[in-house]
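Trainee: Shown below is the structure under consideration.
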Amino acid sequence: MSAARTVRTVLAATLVAGLAATTLAAPALAASAPAKPDHAATQQALDAAVADGVPGAVAQARDGRDQWTGTAGERKGNDRYRVGSITKSFTATVLLQLQAEGRIDLDDPVEKWLPGVVRGNGHDGREITVRQLLNHTSGIYSYTSDPGFQEKVFGPGFLEHRYDTWTPQQLVSVAMAHKPDFAPGAAWNYSNTNFVLAGMVIEKVTGRPYGQAVENRIIKPLKLRATSVPGTRSAMPQPSSPAYSKLSRDVNAPVHDVSALNPSIAGSAGEMISDSRDLQTFYRALLQGRLLTKEGLKEMTTTVRMSADDPNTGYGLGLMWQKLSCGKEVWGHGGGIHGSSSLALATRDGGHSLAGNFNADWTGDTGKVVEAEFCGTPSAK
């Protein structure tokens, strides 16, 4: 994804950034329950998404003591779904915890932890820091932008290869076959390869797969019962609703149920599964300082420009910042993977949070749900 893309695009499809650029990234309330007046605009945004062709949409918000869940179409309020690149916030949190423990320095060169891995066509892990992986200033090519990978994994080839296992080394090798996007630190560009490498660094530091670190350090302490790191498991845990994709740029292409897939295509860049309640719990805990030291959270929320033309968006360490049309500022991430577009954000104090999902990847604008919840009206953008 180029630096000129807005956060709205990133929120909609951050895992499938390459695909989007070339071929397309509390107890549940009953779906029939009327929306509370203060969330009416959010419910309208969900309804509008379904009217525009999204099969199902869900959003859940917390504002102080108020908790609200809205649904439209096929989605249920307590559905679990693939969260795509929201995984990046979990991965970055683990690395910041490891730094606080003195086990790694984010300014270490990638080569120190992964010798010889980032090499080829101008890539050089000796010149790239772990921090640059986490804020997407490394210049490393994103493997999801590779045309052959897209055809096999995101295009019609998905139906044949949906259960294939991809190792992190294989994903990185796809990226190394291309030239870097720019010299390390010279610009910003969203690259899923960065966070595959970040997961590999976690494994090197801890001696265990990154998913175990996520489970032990975040999922279990926060009691995130709907959240999992599936590895190569293809089935969705229940409750969940189907996820749909056209696997094509053609708007008239048939719709496919893509719920089952081997999420190793995303790994530590986007494989996780969660629900709206757990995602809010995570980001609230993160922003309120319950997962990181004060210094670590300051580092995580130190942003770089995503676009020279847009002063209202920024990217920290696995965490995005956005200033909305009404002036409110929110922090979080978005995620896209086959048939699933997710969002999860909160105000800086964690007091007002939002998480949700569309079960389609070819239509719908999650940014309108964000504007509706935090500003009271869907953005006209």
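Following the order of the structure tokens, first chain is A, next is B, and so on, with residues numbered from 1 inside each chain and ligands from 1 in the order they appear.
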Would you mind listing, for every residue of range 230-319 of chain A within 9 Å of range 327-332 of chain A, the two atoms forming the shortest contact and the distance between them in Å to one decimal, using only C-alpha atoms, sorted by chain and ascending residue number, as a tab-separated table?

Mentor:
```
residue	atom	partner	partner_atom	distance
A:Tyr283	CA	A:Gly332	CA	6.9
A:Leu287	CA	A:Trp331	CA	8.4
A:Thr301	CA	A:Trp331	CA	8.5
A:Asn312	CA	A:Glu329	CA	8.9
A:Gly318	CA	A:Gly332	CA	8.6
A:Leu319	CA	A:Gly332	CA	5.5
```

Trainee: Atoms to include: N, CA, C and O atoms. Write the selected residues as an mmCIF file, in the first residue's frame.

Mentor:
```
data_model
loop_
_atom_site.group_PDB
_atom_site.id
_atom_site.type_symbol
_atom_site.label_atom_id
_atom_site.label_comp_id
_atom_site.auth_asym_id
_atom_site.auth_seq_id
_atom_site.Cartn_x
_atom_site.Cartn_y
_atom_site.Cartn_z
ATOM 1 N N TYR A 283 -7.464 -3.096 23.236
ATOM 2 C CA TYR A 283 -6.996 -1.736 22.973
ATOM 3 C C TYR A 283 -7.202 -0.820 24.172
ATOM 4 O O TYR A 283 -6.383 0.085 24.429
ATOM 5 N N LEU A 287 -3.963 1.090 25.740
ATOM 6 C CA LEU A 287 -3.876 2.540 25.815
ATOM 7 C C LEU A 287 -3.932 3.058 27.245
ATOM 8 O O LEU A 287 -3.480 4.173 27.527
ATOM 9 N N THR A 301 3.232 4.983 20.663
ATOM 10 C CA THR A 301 2.363 6.052 20.158
ATOM 11 C C THR A 301 3.143 7.199 19.524
ATOM 12 O O THR A 301 2.572 8.252 19.226
ATOM 13 N N ASN A 312 -3.404 14.257 9.194
ATOM 14 C CA ASN A 312 -4.359 13.709 10.151
ATOM 15 C C ASN A 312 -4.253 12.203 10.344
ATOM 16 O O ASN A 312 -5.137 11.579 10.936
ATOM 17 N N GLY A 318 3.047 -0.601 15.246
ATOM 18 C CA GLY A 318 1.902 -1.501 15.151
ATOM 19 C C GLY A 318 0.606 -0.863 15.589
ATOM 20 O O GLY A 318 -0.351 -1.554 15.952
ATOM 21 N N LEU A 319 0.557 0.456 15.551
ATOM 22 C CA LEU A 319 -0.613 1.197 16.039
ATOM 23 C C LEU A 319 -0.818 2.427 15.167
ATOM 24 O O LEU A 319 0.129 3.175 14.915
#
```

Trainee: Skip Leu224 in chain A itself and residues of its chain fewer than 4 positions away, then list as a list in words all residues within 7 Å of it, counting only C-alpha atoms.

Mentor: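 The contact residues come out as Ile219, Lys220 and Asp278 of chain A.
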
Trainee: Could those residues be written to a file, using N, CA, C and O atoms, as a PDB file, in the first residue's frame?

Mentor:
```pdb
ATOM      1  N   ILE A 219      -3.364 -12.593  25.708  1.00  0.00           N
ATOM      2  CA  ILE A 219      -4.668 -13.257  25.670  1.00  0.00           C
ATOM      3  C   ILE A 219      -5.069 -13.782  27.049  1.00  0.00           C
ATOM      4  O   ILE A 219      -6.183 -13.513  27.532  1.00  0.00           O
ATOM      5  N   LYS A 220      -4.186 -14.513  27.708  1.00  0.00           N
ATOM      6  CA  LYS A 220      -4.523 -15.087  29.017  1.00  0.00           C
ATOM      7  C   LYS A 220      -4.655 -14.031  30.113  1.00  0.00           C
ATOM      8  O   LYS A 220      -5.647 -14.034  30.860  1.00  0.00           O
ATOM      9  N   ASP A 278     -13.576  -8.602  22.744  1.00  0.00           N
ATOM     10  CA  ASP A 278     -12.170  -8.814  23.077  1.00  0.00           C
ATOM     11  C   ASP A 278     -11.266  -7.735  22.489  1.00  0.00           C
ATOM     12  O   ASP A 278     -10.305  -7.288  23.135  1.00  0.00           O
TER      13      ASP A 278
END
```

Trainee: Pick the closest to Val251 in chain A from A:Leu133, A:Gly53, A:Ala100, A:Tyr163: which is it, counting only C-alpha atoms?

Mentor: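 Nearest candidate to Val251 in chain A out of A:Leu133, A:Gly53, A:Ala100, A:Tyr163: A:Gly53.
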
Trainee: Find the spatial neighbours of Glu271 in chain A, counting only C-alpha atoms, within a cut-off of 10 Å - ignore same-chain residues fewer than 3 positions away - and output them as a PyMOL selection string.

Mentor: chain A and resi 15+82-88+211+228-232+262-268+335+337

Trainee: Please produce a file of those selected residues containing N, CA, C and O atoms, as a short mmCIF file (atom, residue, chain, number, x, y, z; two decimals), in the first residue's frame.

Mentor:
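Below is the file that was written, result_5.cif:
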```
data_model
loop_
_atom_site.label_atom_id
_atom_site.label_comp_id
_atom_site.auth_asym_id
_atom_site.auth_seq_id
_atom_site.Cartn_x
_atom_site.Cartn_y
_atom_site.Cartn_z
N LEU A 15 -4.29 -6.23 5.69
CA LEU A 15 -3.55 -7.44 5.35
C LEU A 15 -3.47 -7.60 3.84
O LEU A 15 -2.44 -7.91 3.29
N ARG A 82 -12.00 -13.25 11.56
CA ARG A 82 -10.57 -13.07 11.31
C ARG A 82 -10.28 -11.57 11.32
O ARG A 82 -10.90 -10.80 10.58
N VAL A 83 -9.30 -11.16 12.13
CA VAL A 83 -9.07 -9.72 12.32
C VAL A 83 -7.94 -9.18 11.45
O VAL A 83 -7.63 -7.99 11.51
N GLY A 84 -7.31 -10.03 10.63
CA GLY A 84 -6.28 -9.54 9.73
C GLY A 84 -5.19 -8.77 10.46
O GLY A 84 -4.66 -9.20 11.48
N SER A 85 -4.87 -7.59 9.96
CA SER A 85 -3.71 -6.85 10.45
C SER A 85 -3.86 -6.23 11.82
O SER A 85 -2.91 -5.62 12.33
N ILE A 86 -5.00 -6.37 12.45
CA ILE A 86 -5.09 -6.00 13.87
C ILE A 86 -4.09 -6.84 14.66
O ILE A 86 -3.61 -6.42 15.72
N THR A 87 -3.75 -8.00 14.12
CA THR A 87 -2.70 -8.85 14.70
C THR A 87 -1.42 -8.06 14.94
O THR A 87 -0.67 -8.33 15.89
N LYS A 88 -1.13 -7.09 14.09
CA LYS A 88 0.11 -6.33 14.20
C LYS A 88 0.24 -5.62 15.55
O LYS A 88 1.35 -5.49 16.09
N GLY A 211 3.16 -16.83 18.53
CA GLY A 211 1.79 -17.01 19.01
C GLY A 211 1.72 -17.41 20.47
O GLY A 211 0.79 -17.02 21.19
N SER A 228 -7.77 -15.89 19.47
CA SER A 228 -6.86 -17.02 19.28
C SER A 228 -5.84 -16.71 18.19
O SER A 228 -6.05 -15.84 17.34
N VAL A 229 -4.73 -17.44 18.26
CA VAL A 229 -3.69 -17.41 17.23
C VAL A 229 -3.76 -18.77 16.55
O VAL A 229 -3.19 -19.74 17.05
N PRO A 230 -4.44 -18.90 15.42
CA PRO A 230 -4.78 -20.22 14.88
C PRO A 230 -3.64 -21.00 14.26
O PRO A 230 -3.76 -22.22 14.08
N GLY A 231 -2.55 -20.35 13.89
CA GLY A 231 -1.46 -21.09 13.26
C GLY A 231 -1.84 -21.59 11.88
O GLY A 231 -1.97 -20.81 10.94
N THR A 232 -2.01 -22.90 11.73
CA THR A 232 -2.42 -23.47 10.44
C THR A 232 -3.85 -24.00 10.48
O THR A 232 -4.30 -24.59 9.50
N ASN A 262 -6.15 -21.55 5.44
CA ASN A 262 -4.97 -21.72 6.28
C ASN A 262 -4.37 -20.33 6.52
O ASN A 262 -3.83 -19.72 5.60
N PRO A 263 -4.45 -19.81 7.74
CA PRO A 263 -4.02 -18.43 7.98
C PRO A 263 -2.52 -18.23 8.05
O PRO A 263 -2.06 -17.12 8.35
N SER A 264 -1.75 -19.27 7.75
CA SER A 264 -0.30 -19.09 7.69
C SER A 264 0.10 -18.15 6.57
O SER A 264 1.24 -17.68 6.54
N ILE A 265 -0.80 -17.84 5.66
CA ILE A 265 -0.53 -16.83 4.63
C ILE A 265 -0.29 -15.46 5.25
O ILE A 265 0.26 -14.57 4.60
N ALA A 266 -0.73 -15.29 6.49
CA ALA A 266 -0.62 -14.00 7.17
C ALA A 266 0.31 -14.04 8.37
O ALA A 266 1.02 -13.09 8.65
N GLY A 267 0.30 -15.14 9.11
CA GLY A 267 1.18 -15.28 10.26
C GLY A 267 1.08 -14.11 11.22
O GLY A 267 0.00 -13.59 11.50
N SER A 268 2.22 -13.67 11.73
CA SER A 268 2.25 -12.60 12.72
C SER A 268 1.90 -11.24 12.14
O SER A 268 1.84 -10.24 12.86
N GLY A 335 -7.98 -4.31 9.81
CA GLY A 335 -7.47 -5.56 9.26
C GLY A 335 -8.35 -6.10 8.16
O GLY A 335 -9.58 -6.13 8.29
N ILE A 337 -8.63 -9.53 5.53
CA ILE A 337 -8.21 -10.83 5.06
C ILE A 337 -9.41 -11.39 4.30
O ILE A 337 -10.48 -10.78 4.31
#
```

Trainee: For a quick check of understanding, using only C-alpha atoms, which of A:Ala344, A:Leu46, A:Val94, A:Leu297 has the smallest distance to Thr206 in chain A?

Mentor: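 Checking each of A:Ala344, A:Leu46, A:Val94, A:Leu297 against Thr206 in chain A, counting only C-alpha atoms, the winner is A:Val94.
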
Trainee: Name all residues at most 12 Å from range 174-185 of chain A (count only C-alpha atoms; drop same-chain ones fewer than 3 positions away) and give them as a PyMOL selection string.

Mentor: chain A and resi 1-3+18+109-110+116-150+166-171+188-194+196-197+265+304-305

Trainee: Selected residues, C-alpha atoms, written as an mmCIF file, in the first residue's frame, please.

Mentor:
```cif
data_model
loop_
_atom_site.group_PDB
_atom_site.id
_atom_site.type_symbol
_atom_site.label_atom_id
_atom_site.label_comp_id
_atom_site.auth_asym_id
_atom_site.auth_seq_id
_atom_site.Cartn_x
_atom_site.Cartn_y
_atom_site.Cartn_z
ATOM 1 C CA MET A 1 0.000 0.000 0.000
ATOM 2 C CA SER A 2 1.440 3.369 -0.938
ATOM 3 C CA ALA A 3 1.996 6.135 1.565
ATOM 4 C CA GLY A 18 -1.374 -5.751 -2.272
ATOM 5 C CA PRO A 109 19.535 -4.303 13.482
ATOM 6 C CA VAL A 110 17.315 -7.072 12.155
ATOM 7 C CA GLY A 116 21.111 -13.583 6.572
ATOM 8 C CA VAL A 117 17.296 -13.528 6.357
ATOM 9 C CA VAL A 118 16.812 -10.009 5.002
ATOM 10 C CA ARG A 119 19.130 -10.136 2.001
ATOM 11 C CA GLY A 120 18.686 -9.914 -1.733
ATOM 12 C CA ASN A 121 17.925 -7.353 -4.436
ATOM 13 C CA GLY A 122 19.107 -4.492 -2.255
ATOM 14 C CA HIS A 123 17.521 -5.595 1.026
ATOM 15 C CA ASP A 124 20.021 -5.615 3.884
ATOM 16 C CA GLY A 125 19.044 -6.535 7.437
ATOM 17 C CA ARG A 126 22.228 -4.924 8.735
ATOM 18 C CA GLU A 127 20.804 -1.510 7.821
ATOM 19 C CA ILE A 128 17.245 -2.057 9.094
ATOM 20 C CA THR A 129 16.191 -1.881 12.752
ATOM 21 C CA VAL A 130 13.435 -3.812 14.490
ATOM 22 C CA ARG A 131 11.748 -0.452 15.161
ATOM 23 C CA GLN A 132 11.617 0.217 11.424
ATOM 24 C CA LEU A 133 9.797 -3.065 10.952
ATOM 25 C CA LEU A 134 7.161 -1.993 13.455
ATOM 26 C CA ASN A 135 6.525 1.473 12.020
ATOM 27 C CA HIS A 136 6.803 0.461 8.345
ATOM 28 C CA THR A 137 9.828 2.607 7.544
ATOM 29 C CA SER A 138 12.083 -0.340 6.669
ATOM 30 C CA GLY A 139 11.494 -0.129 2.915
ATOM 31 C CA ILE A 140 11.087 -3.907 2.735
ATOM 32 C CA TYR A 141 8.824 -5.039 -0.102
ATOM 33 C CA SER A 142 5.469 -6.479 0.982
ATOM 34 C CA TYR A 143 5.059 -10.088 -0.057
ATOM 35 C CA THR A 144 1.309 -9.535 -0.491
ATOM 36 C CA SER A 145 2.122 -7.193 -3.397
ATOM 37 C CA ASP A 146 3.825 -9.946 -5.385
ATOM 38 C CA PRO A 147 1.666 -10.677 -8.473
ATOM 39 C CA GLY A 148 2.267 -14.415 -8.360
ATOM 40 C CA PHE A 149 1.417 -14.600 -4.669
ATOM 41 C CA GLN A 150 -1.742 -12.571 -5.249
ATOM 42 C CA TRP A 166 3.266 -21.061 4.219
ATOM 43 C CA THR A 167 6.224 -20.754 6.554
ATOM 44 C CA PRO A 168 7.431 -17.289 7.591
ATOM 45 C CA GLN A 169 10.659 -17.995 5.714
ATOM 46 C CA GLN A 170 8.706 -18.678 2.526
ATOM 47 C CA LEU A 171 6.758 -15.424 2.878
ATOM 48 C CA TRP A 188 6.769 5.069 4.894
ATOM 49 C CA ASN A 189 5.069 2.172 3.134
ATOM 50 C CA TYR A 190 2.829 -0.519 4.524
ATOM 51 C CA SER A 191 4.503 -3.926 4.252
ATOM 52 C CA ASN A 192 3.182 -7.172 5.670
ATOM 53 C CA THR A 193 6.709 -8.594 5.412
ATOM 54 C CA ASN A 194 7.734 -6.268 8.245
ATOM 55 C CA VAL A 196 6.238 -11.534 9.514
ATOM 56 C CA LEU A 197 9.836 -10.655 10.339
ATOM 57 C CA ILE A 265 -0.526 -16.833 4.633
ATOM 58 C CA VAL A 304 5.487 8.823 11.564
ATOM 59 C CA ARG A 305 3.569 10.330 8.670
#
```

Trainee: Just the number, please: distance in Å from CA of Arg75 in chain A to CA of Gly336 in chain A, one decimal.

Mentor: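 CA of Gly336 in chain A lies 16.4 Å from CA of Arg75 in chain A.
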
Trainee: Just checking: using only C-alpha atoms, which residue out of A:Thr42, A:Ser340, A:Thr71, A:Gln280 ends up closest to Phe374 in chain A?

Mentor: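 Counting only C-alpha atoms, the residue closest to Phe374 in chain A is A:Thr42.
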
Trainee: I'd like to know which of A:His333, A:Arg277, A:Lys323, A:Arg233 is closest to Asp79 in chain A, using only C-alpha atoms.

Mentor: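 Result for the nearest residue to Asp79 in chain A: A:Arg277.
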
Trainee: Among range 42-158 of chain A, which ones does DSSP assign to helix (DSSP H, G or I) (computed from the backbone)? Answer as JSON, numbers by chain.

Mentor: {"A": [42, 43, 44, 45, 46, 47, 48, 49, 50, 51, 84, 85, 86, 87, 88, 89, 90, 91, 92, 93, 94, 95, 96, 97, 98, 99, 100, 110, 111, 112, 113, 130, 131, 132, 133, 134, 143, 144, 145, 147, 148, 149, 150, 151, 152, 153, 158]}

Trainee: Export, as a PDB file, in the first residue's frame, the selected residues with C-alpha atoms.

Mentor:
```pdb
ATOM      1  CA  THR A  42     -23.349   3.923  13.935  1.00  0.00           C
ATOM      2  CA  GLN A  43     -26.314   1.637  13.330  1.00  0.00           C
ATOM      3  CA  GLN A  44     -27.180   3.643  10.221  1.00  0.00           C
ATOM      4  CA  ALA A  45     -23.629   3.142   8.942  1.00  0.00           C
ATOM      5  CA  LEU A  46     -23.946  -0.625   9.432  1.00  0.00           C
ATOM      6  CA  ASP A  47     -27.300  -0.653   7.642  1.00  0.00           C
ATOM      7  CA  ALA A  48     -25.845   1.408   4.800  1.00  0.00           C
ATOM      8  CA  ALA A  49     -22.976  -1.045   4.384  1.00  0.00           C
ATOM      9  CA  VAL A  50     -25.420  -3.928   4.005  1.00  0.00           C
ATOM     10  CA  ALA A  51     -27.470  -1.873   1.566  1.00  0.00           C
ATOM     11  CA  GLY A  84      -6.279  -9.537   9.729  1.00  0.00           C
ATOM     12  CA  SER A  85      -3.711  -6.851  10.446  1.00  0.00           C
ATOM     13  CA  ILE A  86      -5.089  -5.999  13.867  1.00  0.00           C
ATOM     14  CA  THR A  87      -2.700  -8.846  14.700  1.00  0.00           C
ATOM     15  CA  LYS A  88       0.113  -6.325  14.199  1.00  0.00           C
ATOM     16  CA  SER A  89      -0.781  -4.477  17.399  1.00  0.00           C
ATOM     17  CA  PHE A  90      -0.458  -7.717  19.377  1.00  0.00           C
ATOM     18  CA  THR A  91       2.882  -8.539  17.756  1.00  0.00           C
ATOM     19  CA  ALA A  92       4.278  -5.070  18.428  1.00  0.00           C
ATOM     20  CA  THR A  93       3.082  -5.165  22.048  1.00  0.00           C
ATOM     21  CA  VAL A  94       5.054  -8.361  22.677  1.00  0.00           C
ATOM     22  CA  LEU A  95       8.249  -6.836  21.277  1.00  0.00           C
ATOM     23  CA  LEU A  96       7.823  -3.734  23.429  1.00  0.00           C
ATOM     24  CA  GLN A  97       7.356  -5.968  26.476  1.00  0.00           C
ATOM     25  CA  LEU A  98      10.529  -7.868  25.596  1.00  0.00           C
ATOM     26  CA  GLN A  99      12.391  -4.569  25.299  1.00  0.00           C
ATOM     27  CA  ALA A 100      11.164  -3.495  28.747  1.00  0.00           C
ATOM     28  CA  VAL A 110      17.315  -7.072  12.155  1.00  0.00           C
ATOM     29  CA  GLU A 111      20.492  -8.923  11.184  1.00  0.00           C
ATOM     30  CA  LYS A 112      21.372  -9.396  14.869  1.00  0.00           C
ATOM     31  CA  TRP A 113      18.319 -11.586  15.403  1.00  0.00           C
ATOM     32  CA  VAL A 130      13.435  -3.812  14.490  1.00  0.00           C
ATOM     33  CA  ARG A 131      11.748  -0.452  15.161  1.00  0.00           C
ATOM     34  CA  GLN A 132      11.617   0.217  11.424  1.00  0.00           C
ATOM     35  CA  LEU A 133       9.797  -3.065  10.952  1.00  0.00           C
ATOM     36  CA  LEU A 134       7.161  -1.993  13.455  1.00  0.00           C
ATOM     37  CA  TYR A 143       5.059 -10.088  -0.057  1.00  0.00           C
ATOM     38  CA  THR A 144       1.309  -9.535  -0.491  1.00  0.00           C
ATOM     39  CA  SER A 145       2.122  -7.193  -3.397  1.00  0.00           C
ATOM     40  CA  PRO A 147       1.666 -10.677  -8.473  1.00  0.00           C
ATOM     41  CA  GLY A 148       2.267 -14.415  -8.360  1.00  0.00           C
ATOM     42  CA  PHE A 149       1.417 -14.600  -4.669  1.00  0.00           C
ATOM     43  CA  GLN A 150      -1.742 -12.571  -5.249  1.00  0.00           C
ATOM     44  CA  GLU A 151      -2.945 -14.832  -8.038  1.00  0.00           C
ATOM     45  CA  LYS A 152      -2.333 -17.952  -5.996  1.00  0.00           C
ATOM     46  CA  VAL A 153      -3.591 -16.713  -2.647  1.00  0.00           C
ATOM     47  CA  PHE A 158      -7.255 -19.438  -3.673  1.00  0.00           C
TER      48      PHE A 158
END
```

Trainee: Within 8 Å of Gly56 in chain A, counting only C-alpha atoms, which residues show up once you throw out same-chain ones fewer than 2 positions away? Write them as a PyMOL selection string, please.

Mentor: chain A and resi 50+54+58+71-75+358-360

Trainee: What does the structure give for the distance between CA of Ala226 in chain A and CA of Ser240 in chain A, in Å to one decimal?

Mentor: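 If I compute the distance from CA of Ala226 in chain A to CA of Ser240 in chain A, I get 10.7 Å.
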
Trainee: Could you tell me how far CA of Lys76 in chain A sits from CA of Pro239 in chain A, in Å to one decimal place?

Mentor: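 Going from CA of Pro239 in chain A over to CA of Lys76 in chain A, I get 8.4 Å.
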
Trainee: Write out as a list of chain:residue names the set of residues from range 90-302 of chain A that DSSP, computed on the backbone, places in strand (DSSP E or B).

Mentor: A:Pro109, A:Arg119, A:Gly120, A:His123, A:Asp124, A:Thr129, A:Ser228, A:Tyr244, A:Ser245, A:His256, A:Asp257, A:Ile273, A:Ser274, A:Asp275
